[in-house]
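Chemist: Provided herewith: data-v3.cif, mmCIF, N, CA and C atoms.
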```cif
data_input
loop_
_atom_site.label_atom_id
_atom_site.label_comp_id
_atom_site.auth_asym_id
_atom_site.auth_seq_id
_atom_site.Cartn_x
_atom_site.Cartn_y
_atom_site.Cartn_z
N MET A 1 10.03 5.64 33.40
CA MET A 1 10.63 5.69 32.10
C MET A 1 10.84 4.28 31.56
N ARG A 2 11.25 3.38 32.42
CA ARG A 2 11.50 2.02 31.98
C ARG A 2 10.19 1.34 31.55
N ASN A 3 9.09 1.58 32.20
CA ASN A 3 7.81 0.99 31.84
C ASN A 3 7.34 1.45 30.47
N ALA A 4 7.52 2.70 30.18
CA ALA A 4 7.13 3.23 28.87
C ALA A 4 7.99 2.64 27.76
N GLU A 5 9.28 2.42 28.03
CA GLU A 5 10.19 1.84 27.06
C GLU A 5 9.83 0.37 26.80
N GLU A 6 9.51 -0.38 27.83
CA GLU A 6 9.10 -1.77 27.68
C GLU A 6 7.78 -1.85 26.93
N TYR A 7 6.88 -0.93 27.18
CA TYR A 7 5.59 -0.92 26.52
C TYR A 7 5.76 -0.70 25.01
N ARG A 8 6.67 0.21 24.61
CA ARG A 8 6.93 0.48 23.20
C ARG A 8 7.53 -0.74 22.51
N LYS A 9 8.39 -1.49 23.17
CA LYS A 9 9.00 -2.68 22.58
C LYS A 9 7.94 -3.74 22.31
N ARG A 10 7.01 -3.92 23.21
CA ARG A 10 5.96 -4.91 23.01
C ARG A 10 4.98 -4.48 21.93
N ASP A 11 4.79 -3.21 21.72
CA ASP A 11 3.82 -2.68 20.76
C ASP A 11 4.40 -2.53 19.36
N SER A 12 5.68 -2.78 19.13
CA SER A 12 6.30 -2.50 17.84
C SER A 12 6.14 -3.61 16.81
N GLY A 13 5.61 -4.80 17.13
CA GLY A 13 5.45 -5.92 16.20
C GLY A 13 4.08 -5.90 15.53
N PHE A 14 3.84 -6.92 14.67
CA PHE A 14 2.54 -7.08 14.02
C PHE A 14 1.67 -8.00 14.86
N THR A 15 0.40 -7.72 14.85
CA THR A 15 -0.52 -8.59 15.57
C THR A 15 -0.88 -9.77 14.67
N LEU A 16 -1.39 -10.80 15.23
CA LEU A 16 -1.81 -11.98 14.47
C LEU A 16 -2.91 -11.61 13.48
N LEU A 17 -3.81 -10.74 13.87
CA LEU A 17 -4.90 -10.31 13.00
C LEU A 17 -4.36 -9.59 11.76
N GLU A 18 -3.37 -8.72 11.94
CA GLU A 18 -2.77 -8.02 10.80
C GLU A 18 -2.11 -9.00 9.83
N LEU A 19 -1.40 -9.98 10.36
CA LEU A 19 -0.76 -10.98 9.51
C LEU A 19 -1.78 -11.81 8.74
N ILE A 20 -2.87 -12.19 9.38
CA ILE A 20 -3.91 -12.96 8.72
C ILE A 20 -4.54 -12.15 7.60
N ILE A 21 -4.80 -10.87 7.82
CA ILE A 21 -5.40 -10.01 6.79
C ILE A 21 -4.46 -9.88 5.58
N VAL A 22 -3.18 -9.67 5.83
CA VAL A 22 -2.21 -9.54 4.74
C VAL A 22 -2.11 -10.85 3.95
N LEU A 23 -2.05 -11.98 4.64
CA LEU A 23 -2.00 -13.27 3.96
C LEU A 23 -3.27 -13.53 3.15
N PHE A 24 -4.41 -13.14 3.67
CA PHE A 24 -5.67 -13.29 2.95
C PHE A 24 -5.66 -12.46 1.67
N LEU A 25 -5.20 -11.21 1.76
CA LEU A 25 -5.15 -10.35 0.57
C LEU A 25 -4.18 -10.90 -0.48
N ILE A 26 -3.03 -11.41 -0.06
CA ILE A 26 -2.07 -11.99 -1.01
C ILE A 26 -2.68 -13.21 -1.69
N THR A 27 -3.34 -14.07 -0.92
CA THR A 27 -4.00 -15.26 -1.48
C THR A 27 -5.09 -14.87 -2.46
N LEU A 28 -5.87 -13.85 -2.13
CA LEU A 28 -6.94 -13.38 -3.01
C LEU A 28 -6.37 -12.87 -4.32
N ILE A 29 -5.32 -12.08 -4.28
CA ILE A 29 -4.71 -11.53 -5.49
C ILE A 29 -4.13 -12.64 -6.36
N LEU A 30 -3.43 -13.59 -5.74
CA LEU A 30 -2.86 -14.71 -6.50
C LEU A 30 -3.96 -15.58 -7.12
N GLY A 31 -5.03 -15.79 -6.38
CA GLY A 31 -6.14 -16.58 -6.90
C GLY A 31 -6.79 -15.93 -8.11
N LEU A 32 -7.02 -14.63 -8.03
CA LEU A 32 -7.62 -13.91 -9.16
C LEU A 32 -6.69 -13.89 -10.36
N SER A 33 -5.40 -13.71 -10.15
CA SER A 33 -4.47 -13.69 -11.28
C SER A 33 -4.38 -15.07 -11.93
N ALA A 34 -4.48 -16.14 -11.15
CA ALA A 34 -4.46 -17.49 -11.73
C ALA A 34 -5.69 -17.73 -12.60
N VAL A 35 -6.85 -17.26 -12.17
CA VAL A 35 -8.07 -17.40 -12.95
C VAL A 35 -7.96 -16.60 -14.25
N MET A 36 -7.46 -15.39 -14.18
CA MET A 36 -7.30 -14.58 -15.38
C MET A 36 -6.30 -15.22 -16.34
N PHE A 37 -5.21 -15.75 -15.82
CA PHE A 37 -4.22 -16.40 -16.66
C PHE A 37 -4.78 -17.65 -17.32
N ALA A 38 -5.58 -18.42 -16.59
CA ALA A 38 -6.18 -19.63 -17.14
C ALA A 38 -7.14 -19.28 -18.28
N ASN A 39 -7.85 -18.17 -18.17
CA ASN A 39 -8.74 -17.73 -19.25
C ASN A 39 -7.97 -17.17 -20.43
N PHE A 40 -6.81 -16.61 -20.18
CA PHE A 40 -6.01 -16.01 -21.25
C PHE A 40 -5.29 -17.06 -22.07
N LEU A 41 -4.88 -18.16 -21.47
CA LEU A 41 -4.07 -19.17 -22.14
C LEU A 41 -4.74 -19.79 -23.36
N PRO A 42 -5.98 -20.28 -23.31
CA PRO A 42 -6.60 -20.84 -24.51
C PRO A 42 -6.72 -19.81 -25.64
N SER A 43 -7.02 -18.58 -25.30
CA SER A 43 -7.13 -17.53 -26.31
C SER A 43 -5.78 -17.29 -26.98
N SER A 44 -4.75 -17.29 -26.20
CA SER A 44 -3.40 -17.09 -26.73
C SER A 44 -2.99 -18.25 -27.63
N ARG A 45 -3.31 -19.47 -27.22
CA ARG A 45 -3.00 -20.65 -28.03
C ARG A 45 -3.75 -20.60 -29.36
N PHE A 46 -5.00 -20.17 -29.31
CA PHE A 46 -5.80 -20.07 -30.52
C PHE A 46 -5.21 -19.04 -31.48
N ASP A 47 -4.91 -17.85 -30.98
CA ASP A 47 -4.34 -16.80 -31.82
C ASP A 47 -3.00 -17.24 -32.41
N SER A 48 -2.21 -17.92 -31.63
CA SER A 48 -0.92 -18.41 -32.09
C SER A 48 -1.10 -19.43 -33.23
N THR A 49 -2.08 -20.30 -33.10
CA THR A 49 -2.34 -21.30 -34.15
C THR A 49 -2.76 -20.62 -35.45
N VAL A 50 -3.63 -19.64 -35.37
CA VAL A 50 -4.07 -18.92 -36.57
C VAL A 50 -2.87 -18.24 -37.23
N ARG A 51 -2.04 -17.58 -36.43
CA ARG A 51 -0.85 -16.92 -36.98
C ARG A 51 0.12 -17.92 -37.59
N ASN A 52 0.32 -19.06 -36.94
CA ASN A 52 1.26 -20.06 -37.45
C ASN A 52 0.80 -20.66 -38.78
N ILE A 53 -0.50 -20.95 -38.90
CA ILE A 53 -1.00 -21.51 -40.16
C ILE A 53 -0.87 -20.48 -41.28
N SER A 54 -1.25 -19.24 -41.01
CA SER A 54 -1.15 -18.21 -42.05
C SER A 54 0.31 -17.94 -42.41
N ALA A 55 1.21 -17.96 -41.43
CA ALA A 55 2.63 -17.75 -41.71
C ALA A 55 3.21 -18.90 -42.53
N THR A 56 2.75 -20.12 -42.26
CA THR A 56 3.22 -21.28 -43.03
C THR A 56 2.79 -21.15 -44.49
N ILE A 57 1.57 -20.73 -44.72
CA ILE A 57 1.09 -20.56 -46.10
C ILE A 57 1.86 -19.44 -46.79
N LYS A 58 2.10 -18.33 -46.09
CA LYS A 58 2.87 -17.23 -46.67
C LYS A 58 4.31 -17.66 -46.98
N TYR A 59 4.91 -18.44 -46.08
CA TYR A 59 6.27 -18.93 -46.28
C TYR A 59 6.33 -19.87 -47.48
N ALA A 60 5.34 -20.74 -47.63
CA ALA A 60 5.29 -21.64 -48.78
C ALA A 60 5.13 -20.85 -50.08
N ARG A 61 4.35 -19.78 -50.02
CA ARG A 61 4.19 -18.92 -51.20
C ARG A 61 5.51 -18.26 -51.57
N SER A 62 6.25 -17.81 -50.58
CA SER A 62 7.57 -17.21 -50.83
C SER A 62 8.54 -18.24 -51.40
N LEU A 63 8.54 -19.45 -50.83
CA LEU A 63 9.42 -20.50 -51.35
C LEU A 63 9.08 -20.85 -52.80
N ALA A 64 7.79 -20.91 -53.12
CA ALA A 64 7.38 -21.20 -54.49
C ALA A 64 7.89 -20.13 -55.44
N HIS A 65 7.79 -18.89 -55.02
CA HIS A 65 8.24 -17.78 -55.86
C HIS A 65 9.77 -17.78 -56.02
N ILE A 66 10.49 -17.97 -54.94
CA ILE A 66 11.96 -17.93 -54.96
C ILE A 66 12.54 -19.11 -55.72
N ASN A 67 12.02 -20.32 -55.46
CA ASN A 67 12.57 -21.52 -56.09
C ASN A 67 12.00 -21.80 -57.47
N GLY A 68 10.92 -21.13 -57.82
CA GLY A 68 10.33 -21.33 -59.13
C GLY A 68 9.63 -22.67 -59.28
N GLU A 69 9.21 -23.27 -58.18
CA GLU A 69 8.48 -24.54 -58.22
C GLU A 69 7.36 -24.51 -57.20
N PHE A 70 6.29 -25.24 -57.49
CA PHE A 70 5.15 -25.18 -56.58
C PHE A 70 5.50 -25.80 -55.23
N GLN A 71 4.82 -25.32 -54.21
CA GLN A 71 4.95 -25.82 -52.84
C GLN A 71 3.56 -26.28 -52.38
N THR A 72 3.55 -27.26 -51.49
CA THR A 72 2.29 -27.79 -50.99
C THR A 72 2.24 -27.66 -49.46
N VAL A 73 1.18 -27.04 -48.98
CA VAL A 73 0.92 -26.97 -47.54
C VAL A 73 -0.12 -28.04 -47.24
N LEU A 74 0.25 -28.95 -46.35
CA LEU A 74 -0.62 -30.07 -45.99
C LEU A 74 -1.22 -29.82 -44.61
N ILE A 75 -2.55 -29.91 -44.54
CA ILE A 75 -3.25 -29.84 -43.26
C ILE A 75 -3.91 -31.19 -43.06
N ASP A 76 -3.46 -31.91 -42.03
CA ASP A 76 -4.05 -33.20 -41.68
C ASP A 76 -5.11 -32.94 -40.62
N LEU A 77 -6.36 -33.02 -41.02
CA LEU A 77 -7.47 -32.68 -40.14
C LEU A 77 -7.70 -33.75 -39.07
N ASP A 78 -7.33 -34.99 -39.35
CA ASP A 78 -7.51 -36.06 -38.37
C ASP A 78 -6.41 -36.02 -37.30
N ALA A 79 -5.16 -35.85 -37.73
CA ALA A 79 -4.03 -35.82 -36.79
C ALA A 79 -3.83 -34.43 -36.19
N LYS A 80 -4.55 -33.44 -36.72
CA LYS A 80 -4.44 -32.04 -36.29
C LYS A 80 -3.00 -31.54 -36.39
N THR A 81 -2.44 -31.64 -37.59
CA THR A 81 -1.11 -31.11 -37.87
C THR A 81 -1.17 -30.32 -39.17
N PHE A 82 -0.17 -29.47 -39.36
CA PHE A 82 -0.05 -28.71 -40.60
C PHE A 82 1.42 -28.42 -40.88
N GLY A 83 1.74 -28.18 -42.13
CA GLY A 83 3.10 -27.83 -42.48
C GLY A 83 3.32 -27.91 -43.99
N ILE A 84 4.48 -27.48 -44.41
CA ILE A 84 4.87 -27.57 -45.81
C ILE A 84 5.38 -28.99 -46.04
N GLU A 85 4.88 -29.65 -47.09
CA GLU A 85 5.29 -31.03 -47.36
C GLU A 85 6.80 -31.10 -47.53
N GLY A 86 7.41 -32.04 -46.82
CA GLY A 86 8.84 -32.24 -46.89
C GLY A 86 9.64 -31.36 -45.94
N LYS A 87 8.98 -30.49 -45.20
CA LYS A 87 9.68 -29.57 -44.29
C LYS A 87 9.25 -29.73 -42.84
N GLY A 88 8.52 -30.79 -42.52
CA GLY A 88 8.08 -31.00 -41.14
C GLY A 88 6.68 -30.45 -40.92
N SER A 89 6.16 -30.73 -39.75
CA SER A 89 4.81 -30.27 -39.44
C SER A 89 4.72 -29.78 -38.00
N LYS A 90 3.66 -29.03 -37.75
CA LYS A 90 3.39 -28.50 -36.41
C LYS A 90 2.02 -29.00 -35.97
N ASP A 91 1.84 -29.08 -34.68
CA ASP A 91 0.57 -29.56 -34.13
C ASP A 91 -0.43 -28.42 -33.97
N ILE A 92 -1.69 -28.78 -34.12
CA ILE A 92 -2.79 -27.88 -33.82
C ILE A 92 -3.29 -28.28 -32.43
N PRO A 93 -3.41 -27.35 -31.48
CA PRO A 93 -3.85 -27.71 -30.12
C PRO A 93 -5.19 -28.46 -30.13
N SER A 94 -5.36 -29.33 -29.17
CA SER A 94 -6.56 -30.18 -29.13
C SER A 94 -7.85 -29.38 -28.91
N ASP A 95 -7.76 -28.20 -28.29
CA ASP A 95 -8.97 -27.41 -28.05
C ASP A 95 -9.33 -26.52 -29.24
N VAL A 96 -8.54 -26.58 -30.31
CA VAL A 96 -8.82 -25.79 -31.52
C VAL A 96 -9.40 -26.72 -32.57
N ASN A 97 -10.57 -26.38 -33.08
CA ASN A 97 -11.22 -27.15 -34.14
C ASN A 97 -10.88 -26.52 -35.48
N ILE A 98 -10.83 -27.35 -36.52
CA ILE A 98 -10.45 -26.85 -37.84
C ILE A 98 -11.25 -27.56 -38.92
N LYS A 99 -11.60 -26.81 -39.94
CA LYS A 99 -12.21 -27.39 -41.15
C LYS A 99 -11.82 -26.50 -42.32
N ILE A 100 -11.94 -27.05 -43.51
CA ILE A 100 -11.61 -26.35 -44.74
C ILE A 100 -12.89 -26.21 -45.55
N ILE A 101 -13.08 -25.05 -46.13
CA ILE A 101 -14.19 -24.87 -47.07
C ILE A 101 -13.57 -24.79 -48.45
N ASP A 102 -13.72 -25.88 -49.19
CA ASP A 102 -13.16 -25.99 -50.53
C ASP A 102 -14.17 -25.45 -51.54
N PRO A 103 -13.71 -24.67 -52.54
CA PRO A 103 -14.66 -24.11 -53.50
C PRO A 103 -15.39 -25.18 -54.32
N PHE A 104 -14.82 -26.37 -54.45
CA PHE A 104 -15.45 -27.41 -55.26
C PHE A 104 -16.06 -28.53 -54.41
N ALA A 105 -15.39 -28.93 -53.33
CA ALA A 105 -15.84 -30.07 -52.53
C ALA A 105 -16.72 -29.66 -51.35
N GLY A 106 -16.82 -28.39 -51.05
CA GLY A 106 -17.60 -27.93 -49.90
C GLY A 106 -16.79 -28.04 -48.62
N GLU A 107 -17.47 -28.36 -47.51
CA GLU A 107 -16.80 -28.45 -46.21
C GLU A 107 -16.01 -29.75 -46.11
N VAL A 108 -14.75 -29.61 -45.71
CA VAL A 108 -13.88 -30.77 -45.48
C VAL A 108 -13.46 -30.72 -44.02
N ASP A 109 -13.81 -31.75 -43.24
CA ASP A 109 -13.45 -31.75 -41.83
C ASP A 109 -12.74 -33.03 -41.40
N GLU A 110 -12.33 -33.86 -42.37
CA GLU A 110 -11.54 -35.04 -42.04
C GLU A 110 -10.61 -35.37 -43.20
N GLY A 111 -9.57 -36.12 -42.88
CA GLY A 111 -8.59 -36.49 -43.90
C GLY A 111 -7.50 -35.43 -44.03
N GLU A 112 -6.82 -35.48 -45.17
CA GLU A 112 -5.74 -34.52 -45.45
C GLU A 112 -6.21 -33.54 -46.52
N TYR A 113 -5.79 -32.29 -46.37
CA TYR A 113 -6.12 -31.27 -47.36
C TYR A 113 -4.84 -30.57 -47.77
N ARG A 114 -4.69 -30.34 -49.07
CA ARG A 114 -3.47 -29.73 -49.59
C ARG A 114 -3.78 -28.40 -50.27
N PHE A 115 -2.99 -27.41 -49.89
CA PHE A 115 -2.99 -26.12 -50.59
C PHE A 115 -1.77 -26.15 -51.51
N ILE A 116 -1.97 -25.89 -52.78
CA ILE A 116 -0.86 -25.86 -53.73
C ILE A 116 -0.59 -24.41 -54.08
N LEU A 117 0.65 -23.99 -53.85
CA LEU A 117 1.06 -22.61 -54.12
C LEU A 117 2.00 -22.61 -55.32
N TYR A 118 1.67 -21.80 -56.31
CA TYR A 118 2.40 -21.77 -57.57
C TYR A 118 3.44 -20.65 -57.59
N PRO A 119 4.49 -20.81 -58.41
CA PRO A 119 5.54 -19.79 -58.47
C PRO A 119 5.03 -18.41 -58.89
N GLY A 120 3.98 -18.37 -59.68
CA GLY A 120 3.42 -17.10 -60.13
C GLY A 120 2.62 -16.38 -59.07
N GLY A 121 2.40 -16.99 -57.92
CA GLY A 121 1.68 -16.35 -56.83
C GLY A 121 0.29 -16.91 -56.59
N GLY A 122 -0.23 -17.68 -57.53
CA GLY A 122 -1.56 -18.24 -57.36
C GLY A 122 -1.57 -19.36 -56.34
N VAL A 123 -2.76 -19.67 -55.87
CA VAL A 123 -2.93 -20.75 -54.89
C VAL A 123 -4.17 -21.55 -55.25
N GLU A 124 -4.06 -22.83 -55.03
CA GLU A 124 -5.17 -23.73 -55.24
C GLU A 124 -5.59 -24.26 -53.88
N GLY A 125 -6.77 -23.93 -53.46
CA GLY A 125 -7.25 -24.36 -52.15
C GLY A 125 -8.39 -23.50 -51.68
N GLY A 126 -8.87 -23.79 -50.51
CA GLY A 126 -10.05 -23.11 -49.99
C GLY A 126 -9.76 -22.19 -48.82
N THR A 127 -10.74 -22.09 -47.95
CA THR A 127 -10.67 -21.24 -46.77
C THR A 127 -10.50 -22.13 -45.53
N VAL A 128 -9.61 -21.73 -44.65
CA VAL A 128 -9.39 -22.46 -43.41
C VAL A 128 -10.23 -21.80 -42.32
N GLU A 129 -11.04 -22.59 -41.65
CA GLU A 129 -11.84 -22.10 -40.52
C GLU A 129 -11.34 -22.75 -39.24
N LEU A 130 -11.08 -21.93 -38.25
CA LEU A 130 -10.64 -22.40 -36.93
C LEU A 130 -11.58 -21.83 -35.89
N TRP A 131 -11.85 -22.63 -34.84
CA TRP A 131 -12.67 -22.12 -33.75
C TRP A 131 -12.39 -22.94 -32.49
N ASN A 132 -12.68 -22.30 -31.36
CA ASN A 132 -12.68 -22.98 -30.07
C ASN A 132 -13.91 -22.52 -29.31
N ALA A 133 -13.95 -22.71 -28.02
CA ALA A 133 -15.15 -22.37 -27.24
C ALA A 133 -15.44 -20.88 -27.23
N LYS A 134 -14.41 -20.04 -27.42
CA LYS A 134 -14.60 -18.59 -27.26
C LYS A 134 -14.40 -17.78 -28.54
N LYS A 135 -13.64 -18.31 -29.50
CA LYS A 135 -13.28 -17.50 -30.66
C LYS A 135 -13.41 -18.30 -31.95
N SER A 136 -13.43 -17.59 -33.05
CA SER A 136 -13.36 -18.23 -34.36
C SER A 136 -12.58 -17.31 -35.30
N ALA A 137 -12.01 -17.92 -36.33
CA ALA A 137 -11.24 -17.16 -37.31
C ALA A 137 -11.31 -17.87 -38.65
N ARG A 138 -11.13 -17.09 -39.70
CA ARG A 138 -11.10 -17.63 -41.07
C ARG A 138 -9.83 -17.12 -41.75
N ILE A 139 -9.14 -18.02 -42.41
CA ILE A 139 -7.99 -17.65 -43.24
C ILE A 139 -8.43 -17.86 -44.67
N GLU A 140 -8.72 -16.76 -45.35
CA GLU A 140 -9.20 -16.83 -46.73
C GLU A 140 -8.03 -16.59 -47.68
N LEU A 141 -7.96 -17.42 -48.71
CA LEU A 141 -6.90 -17.32 -49.71
C LEU A 141 -7.50 -16.83 -51.02
N GLU A 142 -6.90 -15.80 -51.55
CA GLU A 142 -7.33 -15.27 -52.84
C GLU A 142 -6.62 -16.11 -53.90
N PRO A 143 -7.34 -16.82 -54.78
CA PRO A 143 -6.73 -17.82 -55.65
C PRO A 143 -5.76 -17.29 -56.71
N ILE A 144 -5.95 -16.11 -57.21
CA ILE A 144 -5.09 -15.62 -58.29
C ILE A 144 -3.80 -15.02 -57.75
N ALA A 145 -3.92 -14.09 -56.82
CA ALA A 145 -2.71 -13.43 -56.28
C ALA A 145 -2.12 -14.23 -55.12
N GLY A 146 -2.89 -15.11 -54.48
CA GLY A 146 -2.40 -15.90 -53.37
C GLY A 146 -2.30 -15.14 -52.06
N THR A 147 -2.97 -14.00 -51.98
CA THR A 147 -2.91 -13.23 -50.73
C THR A 147 -3.82 -13.85 -49.67
N LEU A 148 -3.49 -13.58 -48.41
CA LEU A 148 -4.24 -14.10 -47.28
C LEU A 148 -5.01 -12.99 -46.60
N ILE A 149 -6.22 -13.33 -46.19
CA ILE A 149 -7.03 -12.42 -45.41
C ILE A 149 -7.48 -13.19 -44.17
N ILE A 150 -7.17 -12.66 -42.99
CA ILE A 150 -7.58 -13.30 -41.74
C ILE A 150 -8.76 -12.51 -41.18
N LYS A 151 -9.86 -13.20 -40.97
CA LYS A 151 -11.08 -12.57 -40.42
C LYS A 151 -11.44 -13.20 -39.11
#
```
Once you've parsed the file, please lay out its structure as structure tokens.
Modeler:
Amino acid sequence: MRNAEEYRKRDSGFTLLELIIVLFLITLILGLSAVMFANFLPSSRFDSTVRNISATIKYARSLAHINGEFQTVLIDLDAKTFGIEGKGSKDIPSDVNIKIIDPFAGEVDEGEYRFILYPGGGVEGGTVELWNAKKSARIELEPIAGTLIIK
């Protein structure tokens, strides 16, 4: 009886092989999740930038309407920043490329570009194009009503 009891005590732990297999599976799962997260991060940053630029333009349009005076959204293509003039600016991530398609000047990819939003709802400016290695988007502004369309 004592031999059987001692045998059960020795057999109740994990073997080294079982521990190695479990550690390998945990490492594999963590490695795969890190790769997926690394691929998700640039896409998330890109989508966030598109939403932030469009929200800034919409907010400037609302301010123009409420205050009864025009507002200017400045996009600095060289410094990669954007914002409402006099209200601060936000950065555009370095992996996101940006250019403006102006109805009169054509493609603008350097310098500063200004969107002027009028109290009546109209907007003076072109289309914002953003892209990175995996995605692209366009923020189109309708000049009379000042509405935004994201494609």
Chemist: Find the residues around Ile57 (chain A) up to 9 Å (only C-alpha atoms counted), leave out those fewer than 4 positions away in its own chain, and share them as a PyMOL selection string.
Modeler: chain A and resi 52-53+61-62+72-73+83-84+115+117+148
Chemist: Hey, what does DSSP flag as helix (DSSP H, G or I) within region 3-149 of chain A? Can you give it to me as a PyMOL selection string?
Modeler: chain A and resi 3-11+16-67
Chemist: Rank nothing, just name the residue among A:Gly126, A:Gly13, A:Gly111, A:Pro143 nearest to Ala79 (chain A), using only N, CA and C atoms.
Modeler: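 Of A:Gly126, A:Gly13, A:Gly111, A:Pro143, the one nearest Ala79 (chain A), counting only N, CA and C atoms, is A:Gly111.
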Chemist: So which one's closest to Ile66 (chain A), A:Arg45, A:Ile150, A:Glu140, A:Tyr118? Using only C-alpha atoms, please.
Modeler: A:Tyr118
Chemist: Could you give me the axis-aligned bounding box of region 124-128 of chain A, with 5 Å of padding per side, as centre plus edge lengths in Å to one decimal, as AutoDock Vina command-line options?
Modeler:
```
--center_x -7.4 --center_y -22.8 --center_z -48.8 --size_x 16.7 --size_y 13.1 --size_z 22.9
```
Chemist: Can you check which residues of region 27-109 of chain A DSSP gives as strand (DSSP E or B) on the backbone and send them as a ChimeraX atom specification?
Modeler: /A:71-76,81-84,90-91,97-102,106-108
Chemist: So how many Å separate atom C of Asp102 (chain A) and CA of Ser43 (chain A), to one decimal?
Modeler: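 Separating atom C of Asp102 (chain A) from CA of Ser43 (chain A) is a distance of 27.4 Å.
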Chemist: List the residues selected by the PyMOL selection byres (((chain A and resi 65 and name CA) around 12) and name CA) in the file shown, writing them as a ChimeraX atom specification.
Modeler: /A:58-64,66-71,117-123,145-146
Chemist: Could you give me, as a PyMOL selection string, the residues within 12 Å of Thr127 (chain A), counting only C-alpha atoms and dropping anything in the same chain fewer than 3 positions from it?
Modeler: chain A and resi 53-54+57+75+98-109+113-115+123-124+130+137-143+146-151
Chemist: Could you tell me how far atom N of Lys134 (chain A) lies from atom N of Leu28 (chain A), in Å and to one decimal?
Modeler: 27.4 Å
Chemist: Considering only N, CA and C atoms, can you say which of A:Ile144, A:Leu16, A:Ile92, A:Leu30 comes closest to Thr49 (chain A)?
Modeler: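 Nearest candidate to Thr49 (chain A) out of A:Ile144, A:Leu16, A:Ile92, A:Leu30: A:Ile92.
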Chemist: Expand the PyMOL selection byres ((chain A and resi 80) around 6.5) into the individual residues it matches in the shown file, reporting them as a list in words.
Modeler: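 Taken on the displayed file, the PyMOL selection byres ((chain A and resi 80) around 6.5) yields the residues Asp76, Leu77, Asp78, Ala79, Thr81, Phe82, Lys90, Asp91, Ile92 and Pro93 of chain A.
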Chemist: Written as a PDB file with N, CA and C atoms, in the coordinates of the input, what is the full residue list that the PyMOL selection byres ((chain A and resi 132) around 6.5) yields on the file shown?
Modeler:
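selection25.pdb was written with the following content:
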```pdb
ATOM      1  N   ASP A  95      -7.760 -28.200 -28.290  1.00  0.00           N
ATOM      2  CA  ASP A  95      -8.970 -27.410 -28.050  1.00  0.00           C
ATOM      3  C   ASP A  95      -9.330 -26.520 -29.240  1.00  0.00           C
ATOM      4  N   VAL A  96      -8.540 -26.580 -30.310  1.00  0.00           N
ATOM      5  CA  VAL A  96      -8.820 -25.790 -31.520  1.00  0.00           C
ATOM      6  C   VAL A  96      -9.400 -26.720 -32.570  1.00  0.00           C
ATOM      7  N   ASN A  97     -10.570 -26.380 -33.080  1.00  0.00           N
ATOM      8  CA  ASN A  97     -11.220 -27.150 -34.140  1.00  0.00           C
ATOM      9  C   ASN A  97     -10.880 -26.520 -35.480  1.00  0.00           C
ATOM     10  N   LEU A 130     -11.080 -21.930 -38.250  1.00  0.00           N
ATOM     11  CA  LEU A 130     -10.640 -22.400 -36.930  1.00  0.00           C
ATOM     12  C   LEU A 130     -11.580 -21.830 -35.890  1.00  0.00           C
ATOM     13  N   TRP A 131     -11.850 -22.630 -34.840  1.00  0.00           N
ATOM     14  CA  TRP A 131     -12.670 -22.120 -33.750  1.00  0.00           C
ATOM     15  C   TRP A 131     -12.390 -22.940 -32.490  1.00  0.00           C
ATOM     16  N   ALA A 133     -13.950 -22.710 -28.020  1.00  0.00           N
ATOM     17  CA  ALA A 133     -15.150 -22.370 -27.240  1.00  0.00           C
ATOM     18  C   ALA A 133     -15.440 -20.880 -27.230  1.00  0.00           C
ATOM     19  N   LYS A 134     -14.410 -20.040 -27.420  1.00  0.00           N
ATOM     20  CA  LYS A 134     -14.600 -18.590 -27.260  1.00  0.00           C
ATOM     21  C   LYS A 134     -14.400 -17.780 -28.540  1.00  0.00           C
ATOM     22  N   LYS A 135     -13.640 -18.310 -29.500  1.00  0.00           N
ATOM     23  CA  LYS A 135     -13.280 -17.500 -30.660  1.00  0.00           C
ATOM     24  C   LYS A 135     -13.410 -18.300 -31.950  1.00  0.00           C
ATOM     25  N   SER A 136     -13.430 -17.590 -33.050  1.00  0.00           N
ATOM     26  CA  SER A 136     -13.360 -18.230 -34.360  1.00  0.00           C
ATOM     27  C   SER A 136     -12.580 -17.310 -35.300  1.00  0.00           C
TER      28      SER A 136
END
```
